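Q: Take this structure first; my questions come after.
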Amino acid sequence: MSVVHVVGTGTIGEPLIGLLADHRDHFGLEEVTFHKRTPLQGERAKVGDLERRGAVLATDVDRRSEFEELGHAPKYEALEAIERADVVIDCTPVGLDMKRDFYDHASRPVGFMAQGSEFGFGKMYARGVNDDALVPGEDRFLHVVSCNTHNIAVLIKTLAMDADGSNHLDNGTFLCIRRSSDISQSSGFVSSPTVDAHHEERFGTHHARDAHGLFATLGHDLNLFSSALKLNTQYMHAIHFSLTLDRDVSISEVRDRLAANTRVAVTSKRSANEVFSFGRDHGYFGRILSQTVVSLDTLAVRGGNTIVGFCFTPQDGNPLLSTVSAMLWYLDPSRREERLDVLRPYLFQEV
Ligand SMILES: NC(=O)c1ccc[n+]([C@@H]2O[C@H](COP(=O)([O-])OP(=O)(O)OC[C@H]3O[C@@H](n4cnc5c(N)ncnc54)[C@H](OP(=O)(O)O)[C@@H]3O)[C@@H](O)[C@H]2O)c1
């Protein structure tokens with residue numbers, strides 16, 4: 001039996017801790033511990049519910065009494081929790097700092113993971129895209145790529161690559177149309193569509209850069225470019241994509257390929273709120289764990305070899321699946337698929 005420790009209780013950490021605690025027997029976990037930095041009255045219910053579901057709180061030494069005053073029962077100190085874990089999952093925006101200050105010096109854990117923003121933390125990973133690139137005993141640090149990178153990557157893998165890994169993509173461009181803030185957040189909202197700069201000369205924004213890095217772990221050097229803007233909505237990200245192949249493709253082949261990938265959902269819905277609402281009723285605590293939801297009506301083939309369309313990004317769902325998949329790989333690769341069964345009902349093929 002193993003111990004898994006999650007650092008951070010935000011948009012990604014909160015659902016992940018609950019998911020691990022609820023399924024700890026199925027995942028073969030003896031204990032799920034989590035670190036929260038700031039004791040807050042407004043987050044008392046959240047932390048209390050995670051404790052009620054069996055997750056064990058760890059705090060910094062100097063904040064322990066404040067957590068106790070809020071009615072919590074911290075059991076471990078932050079560093080102690082890292083040192084006694086088999087796998088540590090960082091869900092903060094400071095994973096690189098945490099690596100430098102703490103994870104690099106911890107001896108027991110066999111694996112550490114950080115999330116989307118933490119470029120450079122370790123080998124990039126997205127379930128179903130580059131599992132073959134993971135090397136047991138070598139990849140102690142993994143970077144679970146961002147939600148939009150998952151979406152871009154699964155489109156490329158499904159539509160431009162063959163089962164044997166051969167690549168037919170000449171050129172891929174992506175417009176990431178982002179929600180302005182998470183529904184759990186009260187700040188960061190934008191009042192009107194707001195465009196991002198192209199900071200990366202070769203890739204545009206970090207989304208294409210990260211997708212390129214992900215496929216580089218498999219030996220590919222893809223020609224990708226992305227742009228991004230924020231919309232004044234909190235529902236879901238959407239992506240407009242254009243994939244030019246080195247061969248002709250028909251719309252029926254595009255549809256068949258999308259239908260054949262269990263990590264891809266398709267939909268006849270056109271609005272983010274309808275897709276989001278489906279997740280609320282049928283997803284895991286409202287989350288769709290599929291890596292993309294492709295809008296079927298928007299698919300088209302231009303000039304015989306360029307596939308265009310729109311899709312929606314299950315933003316706080318798709319990294320959860322990869323995170324659990326990587327955690328189970330660290331713990332016992334031979335049992336990963338069987339232990340992931342519990343999440344398969346939330347991988348939809350149609351929304
Ligand atoms: N939001 C999404 O939909 C989404 C999707 C994919 C990937 N990600 C990635 O997930 C990661 C976390 O993003 P998020 O949206 O979940 O962030 P968030 O909601 O802002 O939560 C951040 C968490 O990190 C903790 N934290 C911050 N600084 C810390 C420090 N120095 N030491 C310990 N804990 C610290 C905070 O603790 P306190 O509040 O207790 O201080 C909070 O629990 C990022 O890499 C992001 O790119 C996010």
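Quick note on naming: the chains in the structure tokens go A, B, ... in the order shown, residues restart at 1 in each chain, and ligands are numbered from 1 in order of appearance.
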Quick one: residues within 6 Å of range 138-145 of chain A, only C-alpha atoms counted, chain neighbours fewer than 3 positions away excluded, as a list in words?

A: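 The filter keeps Gly111, Phe112, Met113, Ala114, Gln115, Gly116, Phe121, Gly122, Lys123, Met124, Tyr125 and Val135 of chain A.
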
Q: Give me the residues near range 149-164 of chain A as a list in words, where near means some atom within 6 Å (using only C-alpha atoms) and where sequence neighbours in that chain fewer than 5 positions away do not count.

A: Leu169, His207, Ala211, Gln291 and Thr292 of chain A

Q: For the selection you just gave me, I'd like the residues written to a file as an mmCIF file, in the first residue's frame, keeping N, CA and C atoms.

A:
```cif
data_model
loop_
_atom_site.group_PDB
_atom_site.id
_atom_site.type_symbol
_atom_site.label_atom_id
_atom_site.label_comp_id
_atom_site.auth_asym_id
_atom_site.auth_seq_id
_atom_site.Cartn_x
_atom_site.Cartn_y
_atom_site.Cartn_z
ATOM 1 N N LEU A 169 1.661 15.095 -40.233
ATOM 2 C CA LEU A 169 1.353 16.525 -40.066
ATOM 3 C C LEU A 169 2.443 17.390 -40.712
ATOM 4 N N HIS A 207 1.142 27.274 -25.825
ATOM 5 C CA HIS A 207 0.354 26.063 -26.091
ATOM 6 C C HIS A 207 1.013 25.193 -27.167
ATOM 7 N N ALA A 211 2.978 21.561 -26.760
ATOM 8 C CA ALA A 211 2.593 20.395 -27.572
ATOM 9 C C ALA A 211 3.809 19.882 -28.345
ATOM 10 N N GLN A 291 -10.214 14.198 -23.288
ATOM 11 C CA GLN A 291 -9.182 15.215 -23.529
ATOM 12 C C GLN A 291 -9.656 16.344 -24.441
ATOM 13 N N THR A 292 -10.714 16.081 -25.212
ATOM 14 C CA THR A 292 -11.285 17.122 -26.069
ATOM 15 C C THR A 292 -12.741 16.781 -26.346
#
```

Q: Please find the residues contacting ligand 1 at a distance of at most 8 Å between atoms, with only C-alpha atoms and all ligand atoms counted, and report them as JSON, numbers by chain.

A: {"A": [7, 8, 9, 10, 11, 12, 13, 14, 35, 36, 37, 38, 39, 40, 90, 91, 92, 93, 94, 95, 97, 98, 114, 115, 116, 117, 118, 144, 145, 146, 147, 148, 182, 184, 185, 315, 316, 317, 318, 319]}

Q: Take the residues from that selection and put them in a file with N, CA and C atoms, as a short mmCIF file (atom, residue, chain, number, x, y, z; two decimals), in the first residue's frame.

A:
```cif
data_model
loop_
_atom_site.label_atom_id
_atom_site.label_comp_id
_atom_site.auth_asym_id
_atom_site.auth_seq_id
_atom_site.Cartn_x
_atom_site.Cartn_y
_atom_site.Cartn_z
N VAL A 7 0.10 18.67 -3.10
CA VAL A 7 0.44 20.00 -2.59
C VAL A 7 -0.43 21.02 -3.32
N GLY A 8 -1.27 21.74 -2.58
CA GLY A 8 -2.15 22.75 -3.20
C GLY A 8 -3.59 22.26 -3.25
N THR A 9 -4.51 23.15 -2.93
CA THR A 9 -5.94 22.78 -2.88
C THR A 9 -6.77 23.70 -3.77
N GLY A 10 -6.17 24.17 -4.89
CA GLY A 10 -6.87 25.09 -5.79
C GLY A 10 -7.71 24.36 -6.82
N THR A 11 -7.85 24.98 -7.99
CA THR A 11 -8.74 24.45 -9.03
C THR A 11 -8.40 23.01 -9.41
N ILE A 12 -7.12 22.67 -9.43
CA ILE A 12 -6.72 21.31 -9.78
C ILE A 12 -6.56 20.45 -8.52
N GLY A 13 -5.94 21.00 -7.48
CA GLY A 13 -5.68 20.22 -6.27
C GLY A 13 -6.95 19.75 -5.57
N GLU A 14 -7.93 20.62 -5.46
CA GLU A 14 -9.15 20.29 -4.71
C GLU A 14 -9.86 19.06 -5.30
N HIS A 35 -1.30 19.12 1.34
CA HIS A 35 -0.79 20.32 2.00
C HIS A 35 -1.59 21.53 1.59
N LYS A 36 -2.04 22.28 2.59
CA LYS A 36 -2.64 23.58 2.31
C LYS A 36 -1.79 24.62 3.01
N ARG A 37 -1.50 25.69 2.26
CA ARG A 37 -0.61 26.72 2.82
C ARG A 37 -1.36 27.69 3.72
N THR A 38 -2.49 28.21 3.24
CA THR A 38 -3.12 29.33 3.95
C THR A 38 -4.38 28.90 4.70
N PRO A 39 -4.43 29.10 6.03
CA PRO A 39 -5.66 28.80 6.76
C PRO A 39 -6.69 29.90 6.51
N LEU A 40 -7.86 29.53 6.01
CA LEU A 40 -8.86 30.54 5.65
C LEU A 40 -10.26 30.09 6.09
N ASP A 90 2.33 18.00 -7.21
CA ASP A 90 2.28 19.44 -6.97
C ASP A 90 1.18 20.06 -7.83
N CYS A 91 0.26 20.76 -7.17
CA CYS A 91 -0.82 21.44 -7.89
C CYS A 91 -0.82 22.92 -7.52
N THR A 92 0.36 23.51 -7.55
CA THR A 92 0.50 24.93 -7.26
C THR A 92 1.09 25.62 -8.49
N PRO A 93 1.06 26.94 -8.52
CA PRO A 93 1.73 27.64 -9.63
C PRO A 93 3.22 27.86 -9.34
N VAL A 94 3.75 27.19 -8.29
CA VAL A 94 5.16 27.38 -7.92
C VAL A 94 5.88 26.04 -7.83
N GLY A 95 5.51 25.11 -8.71
CA GLY A 95 6.10 23.78 -8.68
C GLY A 95 7.61 23.79 -8.91
N ASP A 97 9.72 26.15 -8.06
CA ASP A 97 10.37 26.59 -6.80
C ASP A 97 10.34 25.47 -5.77
N MET A 98 9.21 24.77 -5.71
CA MET A 98 9.08 23.67 -4.74
C MET A 98 10.09 22.57 -5.07
N ALA A 114 4.22 17.95 -11.55
CA ALA A 114 3.71 19.31 -11.45
C ALA A 114 2.77 19.53 -12.63
N GLN A 115 2.03 20.63 -12.59
CA GLN A 115 0.96 20.85 -13.56
C GLN A 115 1.35 21.87 -14.63
N GLY A 116 0.35 22.23 -15.45
CA GLY A 116 0.52 22.95 -16.70
C GLY A 116 1.52 24.09 -16.77
N SER A 117 1.47 25.00 -15.79
CA SER A 117 2.31 26.20 -15.89
C SER A 117 3.79 25.92 -15.65
N GLU A 118 4.11 24.73 -15.11
CA GLU A 118 5.48 24.50 -14.59
C GLU A 118 6.42 23.91 -15.64
N VAL A 144 2.81 17.31 -16.10
CA VAL A 144 1.52 17.04 -16.73
C VAL A 144 1.13 18.31 -17.48
N VAL A 145 1.01 18.22 -18.80
CA VAL A 145 0.83 19.44 -19.60
C VAL A 145 -0.55 20.06 -19.36
N SER A 146 -0.71 21.29 -19.80
CA SER A 146 -1.93 22.05 -19.50
C SER A 146 -3.13 21.47 -20.25
N CYS A 147 -4.29 21.95 -19.88
CA CYS A 147 -5.54 21.44 -20.48
C CYS A 147 -5.58 21.68 -21.98
N ASN A 148 -5.22 22.88 -22.43
CA ASN A 148 -5.26 23.16 -23.87
C ASN A 148 -4.18 22.38 -24.62
N ASP A 182 -11.46 30.68 -13.92
CA ASP A 182 -12.15 29.46 -13.51
C ASP A 182 -13.45 29.82 -12.79
N SER A 184 -14.35 28.71 -10.14
CA SER A 184 -14.05 28.79 -8.70
C SER A 184 -13.38 30.11 -8.34
N GLN A 185 -13.08 30.94 -9.34
CA GLN A 185 -12.33 32.17 -9.07
C GLN A 185 -13.21 33.41 -9.20
N GLN A 315 -11.28 21.71 -19.23
CA GLN A 315 -10.06 22.32 -18.67
C GLN A 315 -9.60 21.75 -17.34
N ASP A 316 -10.51 21.53 -16.39
CA ASP A 316 -9.99 20.97 -15.14
C ASP A 316 -10.31 19.49 -15.05
N GLY A 317 -10.58 18.85 -16.20
CA GLY A 317 -10.83 17.41 -16.24
C GLY A 317 -9.69 16.65 -16.88
N ASN A 318 -9.23 17.13 -18.07
CA ASN A 318 -8.25 16.30 -18.78
C ASN A 318 -6.90 16.16 -18.06
N PRO A 319 -6.41 17.19 -17.33
CA PRO A 319 -5.15 16.95 -16.61
C PRO A 319 -5.33 16.00 -15.42
#
```

Q: Could you go through range 57-257 of chain A and tell me which residues DSSP, when run on the backbone, assigns to strand (DSSP E or B), listing them as a PyMOL selection string?

A: chain A and resi 57-59+76-77+87-90+111-114+123-125+141-144+161+167+169-179+194-195+200+204+224-231+237-245

Q: I'd like the interatomic distance between CA of Val195 in chain A and CA of Leu222 in chain A, to a tenth of an Å.

A: 24.7 Å

Q: Please report the interatomic distance between CA of Ala216 in chain A and CA of Leu331 in chain A in Å with one decimal.

A: 25.2 Å

Q: Applying 8 Å and only C-alpha atoms, which residues near range 199-206 of chain A remain after dropping the ones on its own chain fewer than 3 positions away? List them as a list in words.

A: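 Contacts, in chain order: Arg209, Asp210, Leu224, Phe225, Ser226, Ser227 and Ala228 of chain A.
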
Q: Can you tell me, as JSON, numbers by chain, what residues are no more than 10 Å from range 303-312 of chain A when counting only C-alpha atoms, ignoring any on the same chain fewer than 6 positions away?

A: {"A": [148, 151, 152, 155, 159, 160, 169, 170, 171, 172, 173, 174, 175, 176, 177, 178, 236, 237, 238, 239, 240, 241, 242, 243, 244, 245, 246, 247, 248, 249, 250, 251, 254, 265, 266, 267, 270, 271, 272, 275, 276, 291, 292, 293, 294, 295, 296, 297]}

Q: Between A:Lys269, A:Phe119, A:Ile183, A:Ile17, single out the one closest to Lys46 in chain A, counting only C-alpha atoms.

A: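 Of the candidates, the smallest distance to Lys46 in chain A is held by A:Ile17.
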
Q: Tell me, as a PyMOL selection string, which residues lie within 8 Å of Ser181 in chain A, counting only C-alpha atoms; anything in the same chain fewer than 5 positions away does not count.

A: chain A and resi 186-189+233-234

Q: Mind writing the picked residues with N, CA and C atoms as a PDB file, in the first residue's frame?

A:
```
ATOM      1  N   SER A 186     -12.924  34.391  -8.351  1.00  0.00           N
ATOM      2  CA  SER A 186     -13.680  35.650  -8.390  1.00  0.00           C
ATOM      3  C   SER A 186     -12.890  36.772  -9.050  1.00  0.00           C
ATOM      4  N   SER A 187     -11.604  36.554  -9.249  1.00  0.00           N
ATOM      5  CA  SER A 187     -10.796  37.609  -9.860  1.00  0.00           C
ATOM      6  C   SER A 187     -10.311  37.154 -11.231  1.00  0.00           C
ATOM      7  N   GLY A 188      -9.759  38.085 -11.978  1.00  0.00           N
ATOM      8  CA  GLY A 188      -9.156  37.740 -13.269  1.00  0.00           C
ATOM      9  C   GLY A 188     -10.129  37.786 -14.428  1.00  0.00           C
ATOM     10  N   PHE A 189     -11.386  38.149 -14.177  1.00  0.00           N
ATOM     11  CA  PHE A 189     -12.355  38.205 -15.264  1.00  0.00           C
ATOM     12  C   PHE A 189     -12.006  39.366 -16.203  1.00  0.00           C
ATOM     13  N   THR A 233     -16.131  34.988 -20.500  1.00  0.00           N
ATOM     14  CA  THR A 233     -16.983  33.873 -20.065  1.00  0.00           C
ATOM     15  C   THR A 233     -16.199  33.048 -19.059  1.00  0.00           C
ATOM     16  N   GLN A 234     -16.909  32.302 -18.237  1.00  0.00           N
ATOM     17  CA  GLN A 234     -16.231  31.397 -17.309  1.00  0.00           C
ATOM     18  C   GLN A 234     -16.459  29.930 -17.668  1.00  0.00           C
TER      19      GLN A 234
END
```

Q: Restricting the calculation to only C-alpha atoms, which member of A:Glu80, A:Glu68, A:Glu43, A:Asp86 is positioned closest to Glu30 in chain A?

A: A:Asp86

Q: Choose the residue, out of A:Asp25, A:Ala85, A:Val342, A:Ala133, that has the smallest atom-to-atom separation from Gly213 in chain A; count only C-alpha atoms.

A: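 Selected residue with least distance to Gly213 in chain A: A:Ala133.
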
Q: How would you write, as a PyMOL selection string, the set of residues in range 178-279 of chain A that DSSP gives as alpha helix (DSSP H)?

A: chain A and resi 206-216+251-260+272-279

Q: Just how far from CA of Leu229 in chain A is CA of Ser268 in chain A, in Å to one decimal?

A: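 Spanning CA of Ser268 in chain A to CA of Leu229 in chain A is a straight-line distance of 24.1 Å.
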
Q: For Val3 in chain A, find every residue with an atom within 12 Å (counting only C-alpha atoms), except residues of its own chain fewer than 6 positions away, and show them as a PyMOL selection string.

A: chain A and resi 20-21+24-25+27-34+55-56+81-89+108-111+327-328+330-331

Q: For Ala58 in chain A, which of A:Leu70, A:Val6, A:Met1, A:Val301 is the closest residue, counting only C-alpha atoms?

A: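 Result for the nearest residue to Ala58 in chain A: A:Val6.
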